[in-house]
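Source file: model.cif (mmCIF, C-alpha atoms)
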```cif
data_model
loop_
_atom_site.label_atom_id
_atom_site.label_comp_id
_atom_site.auth_asym_id
_atom_site.auth_seq_id
_atom_site.Cartn_x
_atom_site.Cartn_y
_atom_site.Cartn_z
CA MET A 26 180.62 5.34 -56.04
CA SER A 27 178.44 2.66 -54.40
CA PRO A 28 175.62 3.80 -52.12
CA PRO A 29 176.72 3.24 -48.49
CA ILE A 30 174.41 0.67 -46.89
CA ALA A 31 173.54 1.23 -43.25
CA PRO A 32 174.84 -1.39 -40.83
CA VAL A 33 172.44 -3.23 -38.54
CA GLY A 34 171.27 -0.91 -35.79
CA TRP A 35 171.98 2.29 -37.72
CA SER A 36 169.65 5.07 -36.56
CA ARG A 37 167.56 6.55 -39.32
CA TRP A 38 167.61 9.88 -37.45
CA LEU A 39 171.20 10.38 -38.62
CA VAL A 40 169.98 10.78 -42.20
CA PRO A 41 168.04 14.07 -41.82
CA PRO A 42 171.16 15.92 -40.52
CA ALA A 43 173.07 14.66 -43.56
CA ALA A 44 170.35 16.04 -45.81
CA LEU A 45 170.26 19.32 -43.88
CA SER A 46 173.98 19.88 -44.40
CA ILE A 47 173.34 19.90 -48.15
CA HIS A 48 170.13 21.93 -48.15
CA LEU A 49 171.33 24.57 -45.68
CA SER A 50 174.30 25.12 -47.98
CA ILE A 51 172.52 25.34 -51.33
CA GLY A 52 169.80 27.42 -49.65
CA GLN A 53 172.30 30.28 -49.94
CA ALA A 54 170.72 30.90 -53.34
CA TYR A 55 167.91 32.82 -51.64
CA ALA A 56 170.52 35.25 -50.26
CA TRP A 57 171.92 36.24 -53.67
CA SER A 58 170.34 39.70 -53.33
CA VAL A 59 172.99 40.57 -50.73
CA PHE A 60 175.61 40.60 -53.49
CA LYS A 61 173.51 42.54 -56.01
CA PRO A 62 174.23 46.12 -54.82
CA ALA A 63 177.96 45.47 -54.49
CA LEU A 64 178.18 43.90 -57.95
CA GLU A 65 176.16 46.73 -59.50
CA ASP A 66 178.44 49.39 -58.01
CA ALA A 67 181.72 47.56 -58.64
CA LEU A 68 181.01 46.40 -62.19
CA GLY A 69 178.52 49.02 -63.35
CA LEU A 70 175.65 46.57 -63.76
CA SER A 71 171.93 47.18 -63.94
CA GLY A 72 169.52 45.47 -61.56
CA THR A 73 168.43 43.15 -64.36
CA GLN A 74 172.03 42.17 -65.13
CA SER A 75 172.95 41.54 -61.50
CA ALA A 76 169.99 39.14 -61.21
CA LEU A 77 171.26 36.95 -64.08
CA PRO A 78 173.39 34.56 -61.95
CA PHE A 79 170.42 33.86 -59.68
CA GLN A 80 167.94 33.44 -62.52
CA LEU A 81 170.22 31.09 -64.44
CA GLY A 82 170.86 29.16 -61.22
CA ILE A 83 167.13 28.53 -60.71
CA VAL A 84 166.69 27.49 -64.35
CA MET A 85 169.64 25.09 -64.07
CA LEU A 86 168.23 23.78 -60.79
CA GLY A 87 165.11 22.57 -62.56
CA LEU A 88 166.93 21.26 -65.63
CA SER A 89 169.68 19.42 -63.75
CA ALA A 90 167.14 17.90 -61.36
CA ALA A 91 165.07 16.72 -64.32
CA PHE A 92 167.91 15.25 -66.35
CA GLY A 93 169.97 14.03 -63.40
CA GLY A 94 167.15 12.48 -61.40
CA THR A 95 167.56 9.00 -62.85
CA LEU A 96 171.32 9.08 -62.22
CA VAL A 97 170.68 10.08 -58.62
CA GLU A 98 168.36 7.09 -58.21
CA ARG A 99 170.84 4.72 -59.86
CA ARG A 100 174.05 5.87 -58.13
CA GLY A 101 172.68 6.81 -54.74
CA PRO A 102 172.72 9.79 -52.40
CA ARG A 103 176.46 9.86 -51.69
CA TRP A 104 177.30 10.22 -55.38
CA ALA A 105 174.65 12.93 -55.77
CA MET A 106 175.82 14.86 -52.71
CA THR A 107 179.40 14.68 -53.96
CA VAL A 108 178.40 16.08 -57.36
CA ALA A 109 176.42 18.82 -55.61
CA LEU A 110 179.40 19.69 -53.41
CA VAL A 111 181.82 19.91 -56.34
CA CYS A 112 179.49 21.94 -58.57
CA PHE A 113 178.14 24.32 -55.94
CA SER A 114 181.55 25.07 -54.43
CA SER A 115 183.19 25.32 -57.87
CA GLY A 116 180.54 27.82 -58.85
CA PHE A 117 181.65 30.11 -56.05
CA LEU A 118 185.32 29.64 -56.90
CA LEU A 119 184.68 30.52 -60.56
CA SER A 120 182.67 33.53 -59.39
CA ALA A 121 185.58 34.60 -57.21
CA LEU A 122 187.84 34.48 -60.26
CA GLY A 123 185.27 36.43 -62.26
CA ALA A 124 185.02 39.15 -59.61
CA ALA A 125 188.78 39.38 -59.23
CA THR A 126 189.27 39.79 -63.00
CA GLU A 127 186.10 41.90 -63.41
CA GLN A 128 184.62 39.39 -65.86
CA PHE A 129 180.92 39.30 -65.03
CA TRP A 130 180.22 36.57 -67.59
CA LEU A 131 182.39 34.27 -65.47
CA ILE A 132 180.23 35.01 -62.42
CA VAL A 133 177.12 34.21 -64.44
CA PHE A 134 178.68 30.99 -65.71
CA GLY A 135 180.13 29.98 -62.35
CA TYR A 136 177.30 30.77 -59.96
CA GLY A 137 174.45 30.37 -62.44
CA PHE A 138 175.42 27.46 -64.69
CA VAL A 139 177.92 25.36 -62.70
CA GLY A 140 176.53 26.26 -59.29
CA GLY A 141 172.97 25.81 -60.60
CA ILE A 142 173.76 22.19 -61.47
CA GLY A 143 174.88 21.75 -57.86
CA LEU A 144 171.60 23.29 -56.71
CA GLY A 145 169.49 20.83 -58.71
CA ILE A 146 171.42 17.66 -57.92
CA GLY A 147 171.82 18.70 -54.28
CA TYR A 148 168.14 19.51 -53.92
CA ILE A 149 166.95 16.04 -54.96
CA SER A 150 169.94 14.09 -53.54
CA PRO A 151 168.39 13.09 -50.18
CA VAL A 152 164.69 12.95 -51.11
CA SER A 153 164.36 9.33 -52.20
CA THR A 154 166.59 8.11 -49.36
CA LEU A 155 164.60 9.99 -46.72
CA ILE A 156 161.31 8.59 -48.01
CA LYS A 157 162.72 5.06 -47.89
CA TRP A 158 163.97 5.58 -44.32
CA PHE A 159 160.67 7.13 -43.18
CA PRO A 160 157.87 5.32 -45.05
CA ASP A 161 155.60 6.02 -42.08
CA ARG A 162 156.24 9.80 -42.09
CA PRO A 163 157.47 10.85 -45.53
CA GLY A 164 156.08 14.39 -45.27
CA MET A 165 157.94 15.08 -42.05
CA ALA A 166 161.17 13.53 -43.33
CA THR A 167 161.33 15.51 -46.56
CA GLY A 168 160.13 18.60 -44.71
CA ILE A 169 163.12 18.47 -42.37
CA ALA A 170 165.55 18.44 -45.28
CA ILE A 171 163.80 20.89 -47.57
CA MET A 172 163.32 23.21 -44.60
CA GLY A 173 167.07 23.74 -44.85
CA PHE A 174 166.76 25.13 -48.36
CA GLY A 175 164.24 27.68 -47.18
CA GLY A 176 166.30 28.55 -44.11
CA GLY A 177 169.70 28.69 -45.74
CA ALA A 178 169.29 32.39 -46.45
CA LEU A 179 168.77 33.14 -42.76
CA ILE A 180 172.38 32.06 -42.24
CA ALA A 181 173.83 33.22 -45.54
CA SER A 182 172.32 36.72 -45.61
CA PRO A 183 173.93 38.16 -42.46
CA TRP A 184 177.10 36.15 -43.04
CA SER A 185 177.51 37.45 -46.59
CA ALA A 186 176.70 41.01 -45.54
CA GLN A 187 179.29 40.86 -42.78
CA MET A 188 181.95 39.57 -45.18
CA LEU A 189 181.29 42.38 -47.66
CA GLU A 190 181.53 44.86 -44.81
CA SER A 191 184.81 43.34 -43.60
CA PHE A 192 186.43 42.67 -46.99
CA GLY A 193 184.97 45.68 -48.79
CA SER A 194 182.44 45.89 -51.61
CA GLU A 195 185.01 46.42 -54.36
CA THR A 196 185.77 43.58 -56.77
CA SER A 197 188.61 42.28 -54.57
CA GLY A 198 186.32 42.12 -51.53
CA ILE A 199 183.54 40.42 -53.48
CA ALA A 200 186.05 37.90 -54.85
CA LEU A 201 187.29 37.10 -51.35
CA ALA A 202 183.72 36.68 -50.08
CA PHE A 203 182.96 34.26 -52.92
CA LEU A 204 186.15 32.33 -52.16
CA VAL A 205 185.27 31.95 -48.46
CA HIS A 206 181.76 30.83 -49.38
CA GLY A 207 183.04 28.18 -51.77
CA LEU A 208 185.52 26.68 -49.32
CA SER A 209 183.23 26.86 -46.29
CA TYR A 210 180.29 25.24 -48.02
CA ALA A 211 182.54 22.48 -49.36
CA VAL A 212 183.52 21.53 -45.80
CA PHE A 213 179.95 21.72 -44.49
CA MET A 214 178.49 19.68 -47.37
CA LEU A 215 181.21 17.07 -46.89
CA LEU A 216 179.59 16.20 -43.56
CA GLY A 217 176.48 15.09 -45.41
CA VAL A 218 178.50 13.08 -47.93
CA LEU A 219 180.23 11.15 -45.15
CA LEU A 220 177.15 10.67 -42.96
CA VAL A 221 174.47 9.56 -45.43
CA ARG A 222 173.42 5.89 -45.59
CA VAL A 223 170.75 3.97 -47.51
CA PRO A 224 168.48 1.36 -45.88
CA ARG A 225 169.48 -2.29 -45.99
CA PRO A 226 167.79 -4.40 -48.69
CA ARG A 227 164.45 -5.79 -47.61
CA ALA A 228 165.64 -9.40 -47.29
CA GLU A 229 168.65 -8.38 -45.19
CA GLU A 230 166.46 -6.09 -43.09
CA ARG A 231 164.00 -8.87 -42.29
CA ALA A 232 166.85 -11.28 -41.52
CA ALA A 233 168.34 -8.73 -39.14
CA GLY A 234 165.04 -8.39 -37.30
CA GLY A 235 164.21 -4.96 -38.72
CA THR A 236 161.19 -3.62 -40.48
CA ALA A 237 160.88 -3.89 -44.21
CA ALA A 238 159.86 -0.90 -46.23
CA VAL A 239 156.15 -0.42 -46.77
CA ALA A 240 154.95 -1.96 -50.03
CA GLY A 241 153.26 0.25 -52.57
CA PRO A 242 153.03 1.09 -56.26
CA ARG A 243 156.18 0.86 -58.36
CA VAL A 244 156.13 3.29 -61.26
CA SER A 245 159.24 4.20 -63.25
CA ALA A 246 160.16 7.80 -63.96
CA ARG A 247 159.60 7.32 -67.67
CA GLN A 248 156.21 5.74 -67.13
CA ALA A 249 155.22 8.49 -64.68
CA LEU A 250 155.51 11.05 -67.47
CA ARG A 251 152.77 9.17 -69.31
CA THR A 252 150.26 9.55 -66.49
CA PRO A 253 147.86 12.48 -66.02
CA GLN A 254 148.74 12.51 -62.32
CA PHE A 255 152.29 13.72 -63.03
CA TRP A 256 151.12 16.64 -65.17
CA LEU A 257 148.36 17.59 -62.77
CA LEU A 258 150.93 17.79 -59.97
CA TRP A 259 153.20 19.78 -62.30
CA VAL A 260 150.43 22.36 -62.64
CA VAL A 261 149.80 22.29 -58.87
CA LEU A 262 153.47 22.94 -58.06
CA CYS A 263 153.92 25.57 -60.77
CA THR A 264 150.91 27.63 -59.70
CA ASN A 265 151.71 27.41 -56.00
CA VAL A 266 155.35 28.42 -56.55
CA THR A 267 154.44 31.25 -58.94
CA ALA A 268 152.09 32.74 -56.35
CA GLY A 269 154.66 32.54 -53.56
CA ILE A 270 157.79 33.61 -55.40
CA GLY A 271 155.98 36.63 -56.83
CA ILE A 272 155.73 38.09 -53.32
CA LEU A 273 159.11 36.81 -52.15
CA GLU A 274 161.07 38.45 -54.97
CA LYS A 275 159.29 41.82 -54.60
CA ALA A 276 158.70 41.77 -50.84
CA ALA A 277 160.58 44.86 -49.68
CA PRO A 278 159.37 47.31 -52.37
CA MET A 279 155.86 45.84 -52.24
CA ILE A 280 155.27 46.55 -48.56
CA SER A 281 156.82 50.00 -48.97
CA ASP A 282 154.53 50.79 -51.90
CA PHE A 283 151.40 49.51 -50.18
CA PHE A 284 151.80 51.96 -47.29
CA SER A 285 153.64 54.81 -49.02
CA ASP A 286 150.52 57.00 -49.04
CA THR A 287 149.55 56.35 -45.42
CA SER A 288 150.41 58.26 -42.25
CA ALA A 289 152.86 55.53 -41.26
CA PRO A 290 155.03 54.57 -44.27
CA VAL A 291 157.34 51.56 -44.04
CA SER A 292 161.03 52.34 -43.56
CA ALA A 293 163.82 50.52 -45.38
CA THR A 294 164.81 48.82 -42.12
CA ALA A 295 161.27 47.64 -41.49
CA ALA A 296 161.00 46.38 -45.09
CA ALA A 297 164.20 44.37 -44.59
CA GLY A 298 162.73 42.91 -41.41
CA PHE A 299 159.61 41.95 -43.37
CA VAL A 300 161.80 40.01 -45.82
CA ALA A 301 163.42 38.16 -42.90
CA LEU A 302 159.97 37.27 -41.54
CA LEU A 303 158.97 35.88 -44.92
CA SER A 304 162.09 33.69 -44.98
CA ALA A 305 161.21 32.37 -41.53
CA ALA A 306 157.65 31.61 -42.66
CA ASN A 307 159.01 29.89 -45.76
CA MET A 308 161.22 27.69 -43.58
CA ALA A 309 158.58 26.98 -40.92
CA GLY A 310 156.01 26.05 -43.55
CA ARG A 311 158.30 23.42 -45.00
CA ILE A 312 158.42 21.37 -41.82
CA GLY A 313 155.08 22.37 -40.28
CA TRP A 314 152.73 21.91 -43.22
CA SER A 315 154.54 18.85 -44.63
CA SER A 316 154.33 17.13 -41.24
CA THR A 317 150.63 18.00 -41.10
CA SER A 318 150.18 16.29 -44.46
CA ASP A 319 151.13 12.98 -42.82
CA LEU A 320 148.03 13.40 -40.64
CA ILE A 321 145.42 14.80 -43.03
CA GLY A 322 146.71 13.58 -46.38
CA ARG A 323 148.49 15.18 -49.30
CA LYS A 324 145.43 16.17 -51.35
CA ASN A 325 143.87 17.87 -48.32
CA ILE A 326 146.97 19.87 -47.49
CA TYR A 327 147.17 21.15 -51.07
CA ARG A 328 143.53 22.17 -50.77
CA VAL A 329 144.70 24.35 -47.89
CA TYR A 330 147.70 25.75 -49.79
CA LEU A 331 145.71 26.65 -52.88
CA GLY A 332 142.25 27.44 -51.48
CA ALA A 333 143.41 29.46 -48.48
CA GLY A 334 146.06 31.05 -50.72
CA VAL A 335 143.30 32.55 -52.86
CA LEU A 336 141.71 33.96 -49.71
CA MET A 337 144.99 35.46 -48.50
CA TYR A 338 145.58 37.20 -51.84
CA ALA A 339 141.99 38.47 -51.86
CA LEU A 340 142.44 40.01 -48.40
CA ILE A 341 145.66 41.74 -49.50
CA ALA A 342 143.96 43.09 -52.62
CA LEU A 343 140.83 44.32 -50.84
CA VAL A 344 142.00 45.60 -47.44
CA GLY A 345 145.75 44.99 -47.31
CA SER A 346 146.69 48.65 -47.69
CA SER A 347 144.52 49.65 -44.72
CA SER A 348 146.14 47.36 -42.16
CA LYS A 349 149.83 46.53 -41.82
CA PRO A 350 149.26 43.59 -39.45
CA LEU A 351 146.76 42.06 -41.89
CA PHE A 352 149.10 42.58 -44.86
CA VAL A 353 152.03 41.00 -43.01
CA LEU A 354 149.92 38.11 -41.70
CA CYS A 355 148.54 37.26 -45.14
CA ALA A 356 151.99 37.44 -46.73
CA LEU A 357 153.44 35.17 -44.04
CA VAL A 358 150.70 32.60 -44.59
CA ILE A 359 151.25 32.69 -48.38
CA LEU A 360 155.00 32.14 -47.92
CA SER A 361 154.39 29.29 -45.48
CA PHE A 362 152.22 27.66 -48.18
CA TYR A 363 154.99 28.31 -50.71
CA GLY A 364 157.52 26.47 -48.55
CA GLY A 365 155.08 23.76 -47.55
CA GLY A 366 154.28 23.04 -51.20
CA PHE A 367 157.93 22.31 -51.92
CA ALA A 368 158.30 20.03 -48.90
CA THR A 369 155.06 18.10 -49.42
CA ILE A 370 155.38 17.33 -53.13
CA PRO A 371 157.92 14.46 -52.71
CA ALA A 372 155.55 12.68 -50.31
CA TYR A 373 152.63 13.26 -52.72
CA LEU A 374 154.71 11.65 -55.47
CA LYS A 375 155.56 8.75 -53.19
CA ASP A 376 151.87 8.17 -52.46
CA LEU A 377 151.02 8.07 -56.16
CA PHE A 378 154.09 6.46 -57.75
CA GLY A 379 155.83 4.63 -54.89
CA THR A 380 159.45 4.84 -53.80
CA TYR A 381 160.91 2.95 -56.77
CA GLN A 382 162.15 6.02 -58.67
CA VAL A 383 160.57 8.82 -56.66
CA GLY A 384 163.77 10.88 -56.73
CA ALA A 385 163.89 10.83 -60.52
CA ILE A 386 160.18 11.66 -60.77
CA HIS A 387 160.68 14.52 -58.31
CA GLY A 388 163.54 15.83 -60.40
CA ARG A 389 161.42 15.94 -63.52
CA LEU A 390 158.61 17.68 -61.65
CA LEU A 391 160.97 20.47 -60.55
CA THR A 392 160.93 21.84 -64.10
CA ALA A 393 157.74 23.48 -62.83
CA TRP A 394 159.94 25.47 -60.44
CA SER A 395 162.11 26.67 -63.34
CA ILE A 396 159.03 28.02 -65.10
CA ALA A 397 157.54 29.53 -61.95
CA GLY A 398 160.87 31.11 -60.97
CA VAL A 399 160.70 33.19 -64.13
CA LEU A 400 156.92 33.61 -64.35
CA GLY A 401 156.20 34.87 -60.81
CA PRO A 402 158.68 37.77 -60.71
CA LEU A 403 157.90 38.61 -64.34
CA ILE A 404 154.18 38.99 -63.64
CA VAL A 405 154.66 41.21 -60.59
CA ASN A 406 157.49 43.36 -61.94
CA TRP A 407 156.23 43.83 -65.49
CA ILE A 408 152.73 44.81 -64.41
CA ALA A 409 154.04 47.14 -61.70
CA ASP A 410 156.27 48.87 -64.25
CA ARG A 411 153.36 49.29 -66.68
CA GLN A 412 151.08 50.65 -63.96
CA GLU A 413 153.74 53.12 -62.87
CA GLU A 414 154.12 54.32 -66.45
CA ALA A 415 150.35 54.86 -66.47
CA GLY A 416 150.68 57.21 -63.51
CA LYS A 417 149.51 54.86 -60.77
CA HIS A 418 151.30 54.42 -57.45
CA GLY A 419 151.15 52.65 -54.09
CA ALA A 420 148.92 49.58 -53.80
CA GLU A 421 147.49 50.31 -57.27
CA LEU A 422 150.70 48.96 -58.78
CA TYR A 423 149.86 45.42 -57.67
CA GLY A 424 146.09 45.04 -58.06
CA THR A 425 146.24 43.25 -61.41
CA SER A 426 149.11 41.01 -60.27
CA LEU A 427 147.15 39.91 -57.21
CA LEU A 428 144.15 38.97 -59.36
CA ILE A 429 146.39 36.93 -61.67
CA MET A 430 147.90 35.09 -58.68
CA MET A 431 144.40 34.29 -57.40
CA ALA A 432 143.44 32.90 -60.80
CA LEU A 433 146.60 30.76 -60.96
CA LEU A 434 145.93 29.32 -57.50
CA ALA A 435 142.36 28.52 -58.55
CA VAL A 436 143.73 26.61 -61.56
CA GLY A 437 146.05 24.71 -59.23
CA PHE A 438 143.15 23.92 -56.91
CA VAL A 439 141.18 22.37 -59.77
CA ALA A 440 144.22 20.38 -60.90
CA ASN A 441 144.66 19.00 -57.39
CA GLU A 442 140.99 17.96 -57.28
CA LEU A 443 141.48 15.97 -60.48
CA VAL A 444 144.33 13.86 -59.05
CA ARG A 445 143.36 10.18 -58.65
CA PRO A 446 145.40 7.05 -57.83
CA VAL A 447 147.64 5.92 -60.69
CA ASP A 448 146.10 3.23 -62.85
CA PRO A 449 147.70 -0.18 -62.04
CA SER A 450 148.56 -0.61 -65.71
CA HIS A 451 151.42 1.85 -65.13
CA HIS A 452 152.92 -0.20 -62.28
CA LEU A 453 156.06 -2.19 -63.06
CA ASP A 454 154.79 -5.20 -61.11
CA ALA A 455 151.28 -5.10 -62.56
CA VAL A 456 151.93 -5.53 -66.29
CA PRO A 457 149.09 -7.47 -67.96
CA ALA A 458 149.95 -11.13 -68.17
CA GLN A 459 149.45 -11.31 -71.92
CA LYS A 460 152.40 -8.96 -72.50
CA GLY A 461 154.80 -11.55 -71.22
CA ALA A 462 158.05 -11.38 -69.36
CA SER A 463 159.93 -9.79 -72.25
CA ASP A 464 157.83 -6.63 -71.98
CA VAL A 465 158.49 -6.47 -68.28
CA ARG A 466 162.24 -6.59 -68.89
CA GLN A 467 161.95 -3.93 -71.59
CA GLN A 468 160.03 -1.57 -69.28
CA GLN A 469 162.55 -2.06 -66.50
CA SER A 470 165.37 -1.34 -68.94
CA GLU A 471 163.67 1.85 -70.06
CA SER A 472 163.22 3.04 -66.48
CA ALA A 473 166.96 2.66 -65.89
#
```
Structure translated into C-alpha cells:
Amino acid sequence: MSPPIAPVGWSRWLVPPAALSIHLSIGQAYAWSVFKPALEDALGLSGTQSALPFQLGIVMLGLSAAFGGTLVERRGPRWAMTVALVCFSSGFLLSALGAATEQFWLIVFGYGFVGGIGLGIGYISPVSTLIKWFPDRPGMATGIAIMGFGGGALIASPWSAQMLESFGSETSGIALAFLVHGLSYAVFMLLGVLLVRVPRPRAEERAAGGTAAVAGPRVSARQALRTPQFWLLWVVLCTNVTAGIGILEKAAPMISDFFSDTSAPVSATAAAGFVALLSAANMAGRIGWSSTSDLIGRKNIYRVYLGAGVLMYALIALVGSSSKPLFVLCALVILSFYGGGFATIPAYLKDLFGTYQVGAIHGRLLTAWSIAGVLGPLIVNWIADRQEEAGKHGAELYGTSLLIMMALLAVGFVANELVRPVDPSHHLDAVPAQKGASDVRQQQSESA
C-alpha cells in the first residue's frame, strides 16, 4: 500500500483530524475499567484477572510500536492506520466471541494481544507524518493527535457504561457491547485511513511553489539506539509515565483513602468525578504543554514536568490529606504533565534525530511506556497492600509510594539535564569522508 501523496494545494490541517480519528478510537483503552465489574461478576474473575486484557494491551502497545516502527516509516501512515484498524477492531470481535462462549482467555488474547498490536501501530501511525507536515510546530501537531488518546476514554467510558446498562451485564450483553465497539471503531478509524496524506517530495514541493521541509539531522532508528540521547530520553519518559500512571490507575480509591478519616469523606460518586477530571487534565496537558514546548523548547518543558512534578507529589505527601482542593489541584497538574510528556516526546526526538525515521525511533522509545505501565501501578498497589497489612490506613497507605515517585522524577530530571545534541558522527549525511561511499550505503541499508 503506497503512501498517498498530497496533491498541490492540499491543506495540512486535514491531517490532524485523520490522526485524531485513530487516537480517539484506540484511546478507549483507558476506559477498560468500565468492563471490569461486569466481567468479574459474569465470569467469576478476580480484580487482578480482569485487569489482564488491559495490562497485556499496554505491553503489546510498547512492543508492537518498537518492532513495527520501521515498517510504519517504510510503508507510510495509510498502511499503519489500516493495520491498526484491523487489529484493534478484530480484538473487540474476538473478545465478543470470548464473552459469548465464556472463554476469558479469548478476551485476553483478543483485546490484549491482537488489540494491543493495533494500539501500538495506531499510536505511532501519524506521528512522523504530522511532524513532516508541521516542521514549524511539531509539538502542537503531535499534541493534537496524541490528545485524542488521552481523551478517548471521555467518550468510551459513558458510551460503554450505557451499552452495558442497555444490553445487560451478563456474558451475552458484554459480548454485544464488544461487538458494537469493534464495528463502530472500524468505521470511525476508516475515516483516518481515507483522509491521511503525506507531503510531496521536496523537489516537487519547490517546483509547485510550496515550502520545503526544514533541514535538520538525519539519524536512522538503528543508529539512534547507539546514542546516549535515546537512552536518556527513555529514562525521562519512563519516570514521567510511572509517576503519572501510578495516580491514574489508583485515583478513585486513593482520594477516598486520603479523606476517609476526615469530617467530609469522599463519596463513590465524587471519586468517579475525580477520575473524570484527571482524564480531562491528561487530555488538556497533551495539547497545552506540547504546544508550549514549541515556544520554550523541549528540554525546558521537561524541566517543568519533572521538577514541578516533584513539588506536586511533595505537597500531596505533606498536606494533601488536610485540603481536598489542594489534593485535587496537585493531582490534576501531575496528570497534565503525564499527558504532556507523551505528546512532547515525538517533537523532542525530532529535534535530536531529525524527521528521517522519527516514527521508528518513537516506536522504540515507547518500550519505556510498557515498563512504566507495569511499574507505576505495581509500586502504588503493592505498597498500599503491605501498609494495610501492617495496620495502617488512610493517607498512610501512600506515603512511601509518593516518596518513590518523587525520587523517580528526580532521576528523570537529571537524565533530561544530561541530554545534548546528537554527535554529527551519527548523522547519515555526515559520515567521515575516509569511510567512503560503501559505508554510507551499508548504513542506509541497515536503517531500512
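Using all atoms listed in the file, the smallest distance between any of A:Ser58, A:Gln254, A:Ser346, A:Asn406 and Lys275 of chain A comes from A:Asn406.
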- atom CA of Ala309 of chain A to atom CA of Ser347 of chain A, distance in Å rounded to a single decimal: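 Atom CA of Ser347 of chain A lies 26.9 Å from atom CA of Ala309 of chain A.
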- Task: Point out the residue among A:Pro226, A:Pro278, A:Gly334, A:Gly269 with the least atom-to-atom distance to Ala297 of chain A, counting only C-alpha atoms.
- Result: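 Distance minimum relative to Ala297 of chain A lands on A:Pro278.
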- Could you expand the PyMOL selection byres ((chain A and resi 209) around 12) into the explicit residues it covers here, written as a ChimeraX atom specification? /A:46,50-51,110,113-115,117-118,181,184,202-208,210-216
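When all atoms listed in the file are used to compute distances to Met106 of chain A, the closest of the residues A:Ser89, A:Ser304, A:Ser315, A:Ser150 turns out to be A:Ser150.
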- Computed interatomic separation between atom CA of Ile326 of chain A and atom CA of Phe362 of chain A (Å):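 Between atom CA of Ile326 of chain A and atom CA of Phe362 of chain A the gap works out to 9.4 Å.
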- I would like the residues chosen by the PyMOL selection byres ((chain A and resi 271) around 10) on the shown file; could you give them as a PyMOL selection string? chain A and resi 266-270+272-276+397-406+426-427+430
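Distances from A:Gly388, A:Pro350, A:Gly332, A:Gly322 to Leu434 of chain A were compared using all atoms listed in the file, and the smallest one belongs to A:Gly332.
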- Identify the residues around (170.9, 4.5, -36.3) within a radius of 12 Å, measuring from all atoms listed in the file in the coordinates stated by the file, and give them as number ranges by chain. A: 30-41, 158, 220-225, 235
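The residue that comes closest to Arg389 of chain A, out of A:Phe159, A:Phe255, A:Phe174, A:Trp57 and on the basis of all atoms listed in the file, is A:Phe255.
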- Message: Env of Arg251 of chain A: 12 Å cut, atoms = all atoms listed in the file, seq-sep filter 6 positions within chain, self excluded. Answer as a ChimeraX atom specification.
- Response: /A:244-245,257,378,386,447-448,450-452
- Message: My list of candidates is A:Ala432, A:Leu88, A:Leu351, A:Leu377. Which is closest to Leu331 of chain A when distances are computed with all atoms listed in the file?
- Response: A:Ala432
- Separation of atom CA of Leu428 of chain A from atom CA of Ser285 of chain A in Å: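 Those two atoms sit 21.2 Å apart.
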- Task: For the structure shown, which residues end up in the PyMOL selection byres ((chain A and resi 140) around 7)? Put them as number ranges by chain, please?
- Result: A: 82, 112-113, 115-116, 135-139, 141-144
Could you work out an axis-aligned bounding box for all listed atoms of segment 308-316 of chain A, with 5 Å added on each of the six sides, and give its centre and edge lengths in Å to one decimal, as JSON?
```
{"center_x": 157.0, "center_y": 22.4, "center_z": -42.6, "size_x": 18.5, "size_y": 20.6, "size_z": 14.7}
```
- Message: For Arg162 of chain A, find every residue with an atom within 12 Å (counting only C-alpha atoms), except residues of its own chain fewer than 5 positions away, and show them as an MDAnalysis selection string.
- Response: chainID A and resid 155:157 167:169 239 312 315:323 369 371:373 375:376
- Query: Quick one: residues within 9 Å of Asp282 of chain A, only C-alpha atoms counted, chain neighbours fewer than 6 positions away excluded, as a PyMOL selection string?
  - Reply: chain A and resi 290-291+418-422
Include C-alpha atoms and write out the residues we just selected as a PDB file, in the frame of the given file.
```
ATOM      1  CA  PRO A 290     155.030  54.570 -44.270  1.00  0.00           C
ATOM      2  CA  VAL A 291     157.340  51.560 -44.040  1.00  0.00           C
ATOM      3  CA  HIS A 418     151.300  54.420 -57.450  1.00  0.00           C
ATOM      4  CA  GLY A 419     151.150  52.650 -54.090  1.00  0.00           C
ATOM      5  CA  ALA A 420     148.920  49.580 -53.800  1.00  0.00           C
ATOM      6  CA  GLU A 421     147.490  50.310 -57.270  1.00  0.00           C
ATOM      7  CA  LEU A 422     150.700  48.960 -58.780  1.00  0.00           C
TER       8      LEU A 422
END
```
